[in-house]
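Everything on this sheet refers to the single structure shown next.
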Amino acid sequence: MSKRALLLMLVLWMLYTASAFGQGTPLRIWYNQSAATWEETLPLGNGRLGMMPDGGIYREKVVLNDITLWSGAPQDANNYEAYKHLPEIRRLISEGKNDEAQKLIDQSFICRGEGSGGAQWGCFQVLGDLRLDFTYNGEGKQQSVEVQKYYRGLSIDKALASCSYSLNGVKYKREYFTSFGDDVSLIRLTADKPGQLNFTVSLTRPERSVTLVADGMLEMSGQLDNGTDGKGMRYLAKVRPVLKNGSLVTGNDFLRVENADEVLLIISAATDFRNLSFEKKVQDEINKTLNKSYENQLKQHVAKFRKLFNRLYLSIGSTNADSLPTNIRINRFHDDPRSDAGLPVLFYQFGRYLSISSTRVGLLPPNLQGLWANQIRTPWNGDYHLDVNVQMNHWPVEAANLSELNLPLADLVKGLVPQGQKTAKAYYNAGGWVAHVITNVWGFTEPGESASWGITKAGSGWLCNNLWMHYAYTLDKNYLKSIYPVIKGSAQFYSSMLVKDKKTGWLVTSPSSSPENTFYLPNGKTASVCAGPAIDNQIVRELFTNVIEASRLLATDESFRKQLQEKMPHLPPVGQLAADGRLMEWMDDYKETDPQHRHISHLYGLYPASLITPDETPELAEACRKSLNVRGDDGPSWSIAYKLLFWARLRDGNRAFKLYRELMKPTIRTDINYSAGGGVYPNLLSAGPPFQIDGNFGGTAGIGEMLLQSHAGYIDLLPAIPDEWKAGGEVKGMKAEGGFTVGFKWKNGKITSYTITSPLKRKVKVKVNGLVRQVTSSL
């Protein structure tokens, strides 16, 4: 293809990707009272800065975040003597002495030091709390008064939150947004009568912070613990009030606004993560904001946000339930899903909103809590778990027409390679690179601190699936070139560490485990460590296939391609059937210690991979169905969302919808949960509990899979539509593999019209109302 044709293709691709469809109906989360807990506040973010206001009347707490704010520091926790124990570990596993192998791993084959429990590992942390303490003319601060017409809401198609209320005959209003224009957070406070705004502004943090007033601004700064000398990441936050009339009184660590008509609070913050001039950036952003009117700021913010958000339109049925507060809608929907056809649309678009708000090209991918945390010690460190969670965070972005939001994850994975190469040598004397179960912004790749979960090595190969999917949806060869060394390095690791299983002759990983699960040995003892768990076998097969294809497309590494091709026939099959017809999780038909375990890793081949489909492997698809029935429908929200996706791939829309309904179970639980639980908080954020954003993203991906699938060699419209959605609906701007953009309408469960576009006209297979046909895409 000529350079001119390539340029034309790129321009057309950008035009189609940027198509704007505007939702047309209100997309908002709203309440008639202030938030009583953090899990009721409204999440705002511009990919770097986060803000969650509670809308309090006498005291408002606005929790602030910066996605780069991490404690800890880079470390080398590799045990460089570990590989010497590898032959003995493998011998014990091959002899069925898995429990003894596990003991040896705990002694000699885990990371050095405290691992993820130590200060050097670090965690994602809250930036701080902005507090606004209000007094009202004519009454004392603590006097109980009747507040009228209270409203608090988030317009997710504008990324704009607000609250308003009337008190003593005055209407007060606040608007909040983290700007996609200038890189600041803004809060505008107004009253409909002059001189009515009186409040104190303070900025605090639970630890390692100093707050002072300088040049009419609040400044909070500090340095986090790095786990060694205490001199970790530095940060700075400033709050600059801009008053219309009234006066500003300054204290040592607070500001007092008196008798103002209108106030704009400009909040700027940054860390020294990859930015040594962060202090200058904080002030520069404030200066830029001061040179623009609030109206222009808001206009620019909404326009830039909508360039991403308005790429996709979704409508299912009709509903007037938006007239009810969101917490009431959630309760009603869980009791009677037919009462509110619009809530799944809101949840889906909220998931897209969260993706746009919690990551940005050139920065970090969303962590376990996306961008939003309210603690110093976030649950599970707020880090990146590689045995499903960070991957799930990215499952919706390609189909949801937010493809570039996969790029921060690709950058994170590229950063793991140097340390992952050391880990591959230290533990397996292998080439390439590997990462195990957990990582952080510091590039940790070592095994976890316990063999029961920490020896899982599917993480790096699983990440390569996410990287590959960006190419599968965009066909961007420049991107493929950029990730090829990463996926090749991962394939090199697995290729060089595979060993021959004595019983079957297959090439398998050893030692390994099926993420976080445990089984009974024939002697009644339990173990997690094994050889060749199903997830490893499936990931290795998929990875080798992708690397072979990438090598062919890029016309490179022919000899390595042949090596992988020669090994492919010797890999274990995609799946084996247990005596009861289920898909086996391990190479031996072990009995699980927990048949309803939250992880369902052995079904990786069904989703996110396309190794198991009802068309091509019906026997394995049926085995997956049986496995899911035994696993049950409960669990943390991320697990419920994963099961939703499995049932969608099995084309069982009603069962998938049952899981979605379970995902939408109202809860206010915040305890750490590992089994039954799930649900959503009043602000629609997903509960593990506690808050884990992967449930939101997994549920978003699940709704997309119910409406459109494209992994099996054709575009399938309404592959898993539930009875509740059959009445009618419309999709515009959804993406399919191969660089296609799809729109369609349906009525009574049948497609009535559809369009498929692409940057260049191409033939594509599409399944419409049960029939597969070949069509040519339009421009």
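Just remember, in the structure tokens the first chain shown is A, the second B, etc., residues are 1-based per chain, and ligands are 1-based in the order shown.
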
Residues of stretch 113-217 of chain A classed as strand (DSSP E) by DSSP on the backbone are to be reported as a VMD selection string. chain A and resid 128 to 135 148 to 155 160 to 167 170 to 178 185 to 191 197 to 204 210 to 214 217

Shell of 7 Å around stretch 44-59 of chain A, only C-alpha atoms, local chain residues under 4 positions omitted, as an mmCIF file with all heavy atoms, in the first residue's frame:
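Dumped to around-v4.cif:
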```
data_model
loop_
_atom_site.group_PDB
_atom_site.id
_atom_site.type_symbol
_atom_site.label_atom_id
_atom_site.label_comp_id
_atom_site.auth_asym_id
_atom_site.auth_seq_id
_atom_site.Cartn_x
_atom_site.Cartn_y
_atom_site.Cartn_z
ATOM 1 N N SER A 34 -27.722 15.279 50.283
ATOM 2 C CA SER A 34 -26.267 15.225 50.221
ATOM 3 C C SER A 34 -25.785 13.813 50.525
ATOM 4 O O SER A 34 -26.532 12.975 51.039
ATOM 5 C CB SER A 34 -25.655 16.223 51.205
ATOM 6 O OG SER A 34 -26.072 15.931 52.527
ATOM 7 N N ALA A 35 -24.538 13.537 50.211
ATOM 8 C CA ALA A 35 -23.980 12.205 50.416
ATOM 9 C C ALA A 35 -23.654 11.994 51.893
ATOM 10 O O ALA A 35 -23.011 12.836 52.525
ATOM 11 C CB ALA A 35 -22.726 12.029 49.576
ATOM 12 N N VAL A 63 -13.192 15.014 48.119
ATOM 13 C CA VAL A 63 -12.007 14.162 48.144
ATOM 14 C C VAL A 63 -11.257 14.334 46.828
ATOM 15 O O VAL A 63 -11.836 14.225 45.745
ATOM 16 C CB VAL A 63 -12.392 12.690 48.364
ATOM 17 C CG1 VAL A 63 -11.135 11.811 48.371
ATOM 18 C CG2 VAL A 63 -13.155 12.532 49.676
ATOM 19 N N LEU A 64 -9.955 14.600 46.932
ATOM 20 C CA LEU A 64 -9.123 14.899 45.765
ATOM 21 C C LEU A 64 -8.157 13.753 45.479
ATOM 22 O O LEU A 64 -7.641 13.119 46.400
ATOM 23 C CB LEU A 64 -8.324 16.181 45.998
ATOM 24 C CG LEU A 64 -9.123 17.440 46.354
ATOM 25 C CD1 LEU A 64 -8.169 18.593 46.637
ATOM 26 C CD2 LEU A 64 -10.100 17.806 45.236
ATOM 27 N N ASN A 65 -7.906 13.521 44.184
ATOM 28 C CA ASN A 65 -6.974 12.473 43.776
ATOM 29 C C ASN A 65 -6.105 12.926 42.616
ATOM 30 O O ASN A 65 -6.483 13.796 41.834
ATOM 31 C CB ASN A 65 -7.724 11.197 43.348
ATOM 32 C CG ASN A 65 -8.428 10.512 44.490
ATOM 33 O OD1 ASN A 65 -9.653 10.553 44.586
ATOM 34 N ND2 ASN A 65 -7.677 9.880 45.359
ATOM 35 N N ASP A 66 -4.934 12.328 42.544
ATOM 36 C CA ASP A 66 -4.045 12.429 41.384
ATOM 37 C C ASP A 66 -3.624 11.008 41.064
ATOM 38 O O ASP A 66 -3.104 10.288 41.925
ATOM 39 C CB ASP A 66 -2.823 13.292 41.720
ATOM 40 C CG ASP A 66 -1.878 13.477 40.545
ATOM 41 O OD1 ASP A 66 -1.612 12.493 39.823
ATOM 42 O OD2 ASP A 66 -1.383 14.601 40.345
ATOM 43 N N ILE A 67 -3.858 10.546 39.835
ATOM 44 C CA ILE A 67 -3.639 9.132 39.511
ATOM 45 C C ILE A 67 -2.183 8.708 39.655
ATOM 46 O O ILE A 67 -1.863 7.524 39.744
ATOM 47 C CB ILE A 67 -4.159 8.800 38.100
ATOM 48 C CG1 ILE A 67 -4.398 7.294 37.963
ATOM 49 C CG2 ILE A 67 -3.210 9.319 37.016
ATOM 50 C CD1 ILE A 67 -5.170 6.889 36.743
ATOM 51 N N ARG A 131 -12.145 20.979 52.275
ATOM 52 C CA ARG A 131 -13.327 21.169 53.120
ATOM 53 C C ARG A 131 -13.830 22.595 52.984
ATOM 54 O O ARG A 131 -13.058 23.552 53.038
ATOM 55 C CB ARG A 131 -13.018 20.853 54.584
ATOM 56 C CG ARG A 131 -12.699 19.388 54.839
ATOM 57 C CD ARG A 131 -12.503 19.116 56.325
ATOM 58 N NE ARG A 131 -12.124 17.737 56.578
ATOM 59 C CZ ARG A 131 -12.972 16.747 56.782
ATOM 60 N NH1 ARG A 131 -14.279 16.980 56.760
ATOM 61 N NH2 ARG A 131 -12.544 15.510 57.016
ATOM 62 N N LEU A 132 -15.137 22.696 52.829
ATOM 63 C CA LEU A 132 -15.801 23.989 52.779
ATOM 64 C C LEU A 132 -16.797 24.043 53.925
ATOM 65 O O LEU A 132 -17.750 23.256 53.964
ATOM 66 C CB LEU A 132 -16.524 24.172 51.438
ATOM 67 C CG LEU A 132 -15.697 23.922 50.169
ATOM 68 C CD1 LEU A 132 -16.572 24.116 48.933
ATOM 69 C CD2 LEU A 132 -14.485 24.832 50.114
ATOM 70 N N ASP A 133 -16.584 24.934 54.865
ATOM 71 C CA ASP A 133 -17.472 25.085 56.017
ATOM 72 C C ASP A 133 -18.292 26.361 55.835
ATOM 73 O O ASP A 133 -17.738 27.469 55.839
ATOM 74 C CB ASP A 133 -16.663 25.136 57.317
ATOM 75 C CG ASP A 133 -16.068 23.787 57.672
ATOM 76 O OD1 ASP A 133 -16.824 22.939 58.164
ATOM 77 O OD2 ASP A 133 -14.864 23.583 57.421
ATOM 78 N N PHE A 134 -19.621 26.206 55.718
ATOM 79 C CA PHE A 134 -20.501 27.311 55.351
ATOM 80 C C PHE A 134 -21.211 27.897 56.566
ATOM 81 O O PHE A 134 -21.594 27.178 57.506
ATOM 82 C CB PHE A 134 -21.564 26.832 54.359
ATOM 83 C CG PHE A 134 -21.008 26.393 53.036
ATOM 84 C CD1 PHE A 134 -20.645 25.072 52.823
ATOM 85 C CD2 PHE A 134 -20.834 27.306 52.007
ATOM 86 C CE1 PHE A 134 -20.127 24.656 51.601
ATOM 87 C CE2 PHE A 134 -20.317 26.910 50.781
ATOM 88 C CZ PHE A 134 -19.956 25.583 50.586
ATOM 89 N N THR A 135 -21.394 29.182 56.538
ATOM 90 C CA THR A 135 -22.349 29.851 57.428
ATOM 91 C C THR A 135 -23.290 30.644 56.539
ATOM 92 O O THR A 135 -22.962 31.004 55.402
ATOM 93 C CB THR A 135 -21.644 30.791 58.418
ATOM 94 O OG1 THR A 135 -20.863 31.747 57.692
ATOM 95 C CG2 THR A 135 -20.744 30.021 59.361
ATOM 96 N N ARG A 152 -28.660 17.142 43.864
ATOM 97 C CA ARG A 152 -27.239 16.845 43.679
ATOM 98 C C ARG A 152 -27.131 15.838 42.548
ATOM 99 O O ARG A 152 -27.790 14.800 42.569
ATOM 100 C CB ARG A 152 -26.642 16.264 44.967
ATOM 101 C CG ARG A 152 -25.176 15.876 44.884
ATOM 102 C CD ARG A 152 -24.652 15.469 46.253
ATOM 103 N NE ARG A 152 -25.364 14.316 46.795
ATOM 104 C CZ ARG A 152 -24.971 13.048 46.642
ATOM 105 N NH1 ARG A 152 -23.879 12.769 45.960
ATOM 106 N NH2 ARG A 152 -25.675 12.068 47.166
ATOM 107 N N ALA A 159 -19.702 15.472 31.966
ATOM 108 C CA ALA A 159 -18.684 15.370 33.020
ATOM 109 C C ALA A 159 -18.767 16.570 33.947
ATOM 110 O O ALA A 159 -17.762 17.170 34.323
ATOM 111 C CB ALA A 159 -17.287 15.229 32.429
ATOM 112 N N CYS A 163 -24.785 20.795 42.665
ATOM 113 C CA CYS A 163 -25.774 20.672 43.722
ATOM 114 C C CYS A 163 -26.434 22.039 43.898
ATOM 115 O O CYS A 163 -25.827 23.082 43.629
ATOM 116 C CB CYS A 163 -25.180 20.150 45.028
ATOM 117 S SG CYS A 163 -24.283 21.357 46.012
ATOM 118 N N PHE A 177 -16.219 20.435 38.080
ATOM 119 C CA PHE A 177 -15.686 19.582 37.021
ATOM 120 C C PHE A 177 -14.166 19.566 37.071
ATOM 121 O O PHE A 177 -13.530 20.516 37.519
ATOM 122 C CB PHE A 177 -16.193 19.991 35.628
ATOM 123 C CG PHE A 177 -15.783 21.351 35.141
ATOM 124 C CD1 PHE A 177 -14.639 21.527 34.363
ATOM 125 C CD2 PHE A 177 -16.574 22.471 35.412
ATOM 126 C CE1 PHE A 177 -14.283 22.787 33.884
ATOM 127 C CE2 PHE A 177 -16.229 23.728 34.937
ATOM 128 C CZ PHE A 177 -15.077 23.885 34.169
ATOM 129 N N THR A 178 -13.604 18.440 36.665
ATOM 130 C CA THR A 178 -12.153 18.323 36.478
ATOM 131 C C THR A 178 -11.922 18.534 34.994
ATOM 132 O O THR A 178 -12.352 17.736 34.167
ATOM 133 C CB THR A 178 -11.649 16.951 36.934
ATOM 134 O OG1 THR A 178 -12.470 15.940 36.367
ATOM 135 C CG2 THR A 178 -11.686 16.832 38.445
ATOM 136 N N SER A 179 -11.243 19.575 34.652
ATOM 137 C CA SER A 179 -11.281 20.094 33.295
ATOM 138 C C SER A 179 -10.489 19.258 32.299
ATOM 139 O O SER A 179 -9.348 18.867 32.542
ATOM 140 C CB SER A 179 -10.741 21.527 33.279
ATOM 141 O OG SER A 179 -10.790 22.043 31.970
ATOM 142 N N PHE A 180 -11.125 18.980 31.158
ATOM 143 C CA PHE A 180 -10.454 18.401 30.011
ATOM 144 C C PHE A 180 -9.833 19.496 29.148
ATOM 145 O O PHE A 180 -9.240 19.209 28.119
ATOM 146 C CB PHE A 180 -11.427 17.555 29.182
ATOM 147 C CG PHE A 180 -11.667 16.195 29.751
ATOM 148 C CD1 PHE A 180 -12.499 16.017 30.851
ATOM 149 C CD2 PHE A 180 -11.059 15.085 29.210
ATOM 150 C CE1 PHE A 180 -12.714 14.768 31.388
ATOM 151 C CE2 PHE A 180 -11.259 13.822 29.739
ATOM 152 C CZ PHE A 180 -12.091 13.660 30.827
ATOM 153 N N ILE A 356 -13.109 7.194 30.435
ATOM 154 C CA ILE A 356 -12.595 8.484 29.958
ATOM 155 C C ILE A 356 -12.027 9.295 31.118
ATOM 156 O O ILE A 356 -11.007 9.979 30.979
ATOM 157 C CB ILE A 356 -13.717 9.271 29.259
ATOM 158 C CG1 ILE A 356 -14.213 8.524 28.025
ATOM 159 C CG2 ILE A 356 -13.250 10.668 28.871
ATOM 160 C CD1 ILE A 356 -15.508 9.077 27.449
ATOM 161 N N SER A 357 -12.679 9.204 32.269
ATOM 162 C CA SER A 357 -12.327 10.044 33.414
ATOM 163 C C SER A 357 -11.133 9.535 34.205
ATOM 164 O O SER A 357 -10.523 10.305 34.956
ATOM 165 C CB SER A 357 -13.531 10.174 34.358
ATOM 166 O OG SER A 357 -14.639 10.745 33.694
ATOM 167 N N SER A 358 -10.801 8.254 34.059
ATOM 168 C CA SER A 358 -9.793 7.679 34.952
ATOM 169 C C SER A 358 -8.473 7.339 34.278
ATOM 170 O O SER A 358 -7.573 6.794 34.922
ATOM 171 C CB SER A 358 -10.340 6.414 35.629
ATOM 172 O OG SER A 358 -10.659 5.423 34.672
ATOM 173 N N THR A 359 -8.316 7.660 33.001
ATOM 174 C CA THR A 359 -7.038 7.409 32.358
ATOM 175 C C THR A 359 -6.839 8.396 31.221
ATOM 176 O O THR A 359 -7.787 9.021 30.751
ATOM 177 C CB THR A 359 -6.926 5.966 31.849
ATOM 178 O OG1 THR A 359 -5.582 5.694 31.459
ATOM 179 C CG2 THR A 359 -7.858 5.709 30.669
ATOM 180 N N ARG A 360 -5.605 8.526 30.798
ATOM 181 C CA ARG A 360 -5.262 9.492 29.770
ATOM 182 C C ARG A 360 -4.031 8.988 29.028
ATOM 183 O O ARG A 360 -3.103 8.451 29.653
ATOM 184 C CB ARG A 360 -4.955 10.859 30.410
ATOM 185 C CG ARG A 360 -4.579 11.944 29.414
ATOM 186 C CD ARG A 360 -4.002 13.162 30.106
ATOM 187 N NE ARG A 360 -4.946 13.801 31.015
ATOM 188 C CZ ARG A 360 -4.652 14.882 31.732
ATOM 189 N NH1 ARG A 360 -3.441 15.429 31.642
ATOM 190 N NH2 ARG A 360 -5.546 15.421 32.538
ATOM 191 N N LEU A 371 -9.392 5.926 39.524
ATOM 192 C CA LEU A 371 -8.668 7.153 39.866
ATOM 193 C C LEU A 371 -9.042 7.621 41.261
ATOM 194 O O LEU A 371 -8.442 8.539 41.787
ATOM 195 C CB LEU A 371 -9.022 8.221 38.824
ATOM 196 C CG LEU A 371 -8.713 9.696 39.044
ATOM 197 C CD1 LEU A 371 -7.216 9.927 39.177
ATOM 198 C CD2 LEU A 371 -9.251 10.530 37.896
ATOM 199 N N TRP A 372 -10.027 6.964 41.887
ATOM 200 C CA TRP A 372 -10.666 7.527 43.064
ATOM 201 C C TRP A 372 -10.396 6.675 44.302
ATOM 202 O O TRP A 372 -10.724 5.491 44.357
ATOM 203 C CB TRP A 372 -12.167 7.625 42.815
ATOM 204 C CG TRP A 372 -12.466 8.507 41.639
ATOM 205 C CD1 TRP A 372 -12.518 9.873 41.621
ATOM 206 C CD2 TRP A 372 -12.733 8.090 40.298
ATOM 207 N NE1 TRP A 372 -12.809 10.328 40.365
ATOM 208 C CE2 TRP A 372 -12.941 9.263 39.529
ATOM 209 C CE3 TRP A 372 -12.834 6.850 39.659
ATOM 210 C CZ2 TRP A 372 -13.240 9.218 38.163
ATOM 211 C CZ3 TRP A 372 -13.109 6.811 38.303
ATOM 212 C CH2 TRP A 372 -13.312 7.982 37.570
#
```

Closest contacts (stretch 664-764 of chain A/stretch 386-399 of chain A, max 6 Å, only C-alpha atoms) as a Markdown table:
```
| residue | atom | partner | partner_atom | distance |
| --- | --- | --- | --- | --- |
| A:Asp694 | CA | A:Asn393 | CA | 5.1 |
| A:Phe697 | CA | A:Asn393 | CA | 5.3 |
| A:Gly698 | CA | A:Met392 | CA | 5.6 |
| A:Ala701 | CA | A:Pro396 | CA | 4.2 |
| A:Met734 | CA | A:Ala399 | CA | 5.7 |
| A:Lys735 | CA | A:Ala399 | CA | 4.4 |
```

Neighbouring residues of A:Ser403 were defined as those with any atom within 9 Å, considering only C-alpha atoms; residues of the same chain fewer than 6 positions away were excluded. Please report them as an MDAnalysis selection string. chainID A and resid 17 397 470 473:474

Write a file of the selected residues as a short mmCIF file (atom, residue, chain, number, x, y, z; two decimals), in the first residue's frame, keeping N, CA and C atoms.
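Saved to again.cif:
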```cif
data_model
loop_
_atom_site.label_atom_id
_atom_site.label_comp_id
_atom_site.auth_asym_id
_atom_site.auth_seq_id
_atom_site.Cartn_x
_atom_site.Cartn_y
_atom_site.Cartn_z
N THR A 17 -13.75 7.35 13.79
CA THR A 17 -13.62 7.16 15.23
C THR A 17 -14.23 8.33 15.98
N VAL A 397 -13.15 -0.98 26.43
CA VAL A 397 -12.77 0.25 25.73
C VAL A 397 -12.77 0.12 24.21
N HIS A 470 -6.10 -4.30 20.98
CA HIS A 470 -6.06 -2.95 20.40
C HIS A 470 -5.71 -3.03 18.92
N TYR A 473 -8.76 -4.47 16.84
CA TYR A 473 -9.84 -3.52 16.58
C TYR A 473 -9.42 -2.37 15.67
N THR A 474 -8.13 -2.05 15.63
CA THR A 474 -7.70 -0.88 14.87
C THR A 474 -6.92 -1.22 13.60
#
```

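All residues of stretch 322-356 of chain A that DSSP, run on the backbone, classes as alpha helix (DSSP H) are A:Thr326, A:Asn327, A:Ile328, A:Arg329, A:Ile330, A:Asn331, A:Arg332, A:Phe333, A:His334, A:Asp335, A:Gly342, A:Leu343, A:Pro344, A:Val345, A:Leu346, A:Phe347, A:Tyr348, A:Gln349, A:Phe350, A:Gly351, A:Arg352, A:Tyr353, A:Leu354, A:Ser355, A:Ile356.
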
Using only C-alpha atoms: which of A:Ala191, A:Ala119, A:Leu571, A:Ala534 has the shortest distance to A:Trp506: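 Using only C-alpha atoms, A:Trp506 sits closest to A:Leu571.
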
Tell me which protein, DNA and RNA residues are within 12 Å of A:Asn331, counting only C-alpha atoms, leaving out same-chain ones fewer than 3 positions away, and put them as a ChimeraX atom specification. /A:321,324-328,334-337,339-340,343,661-662,664-667,679-682,684
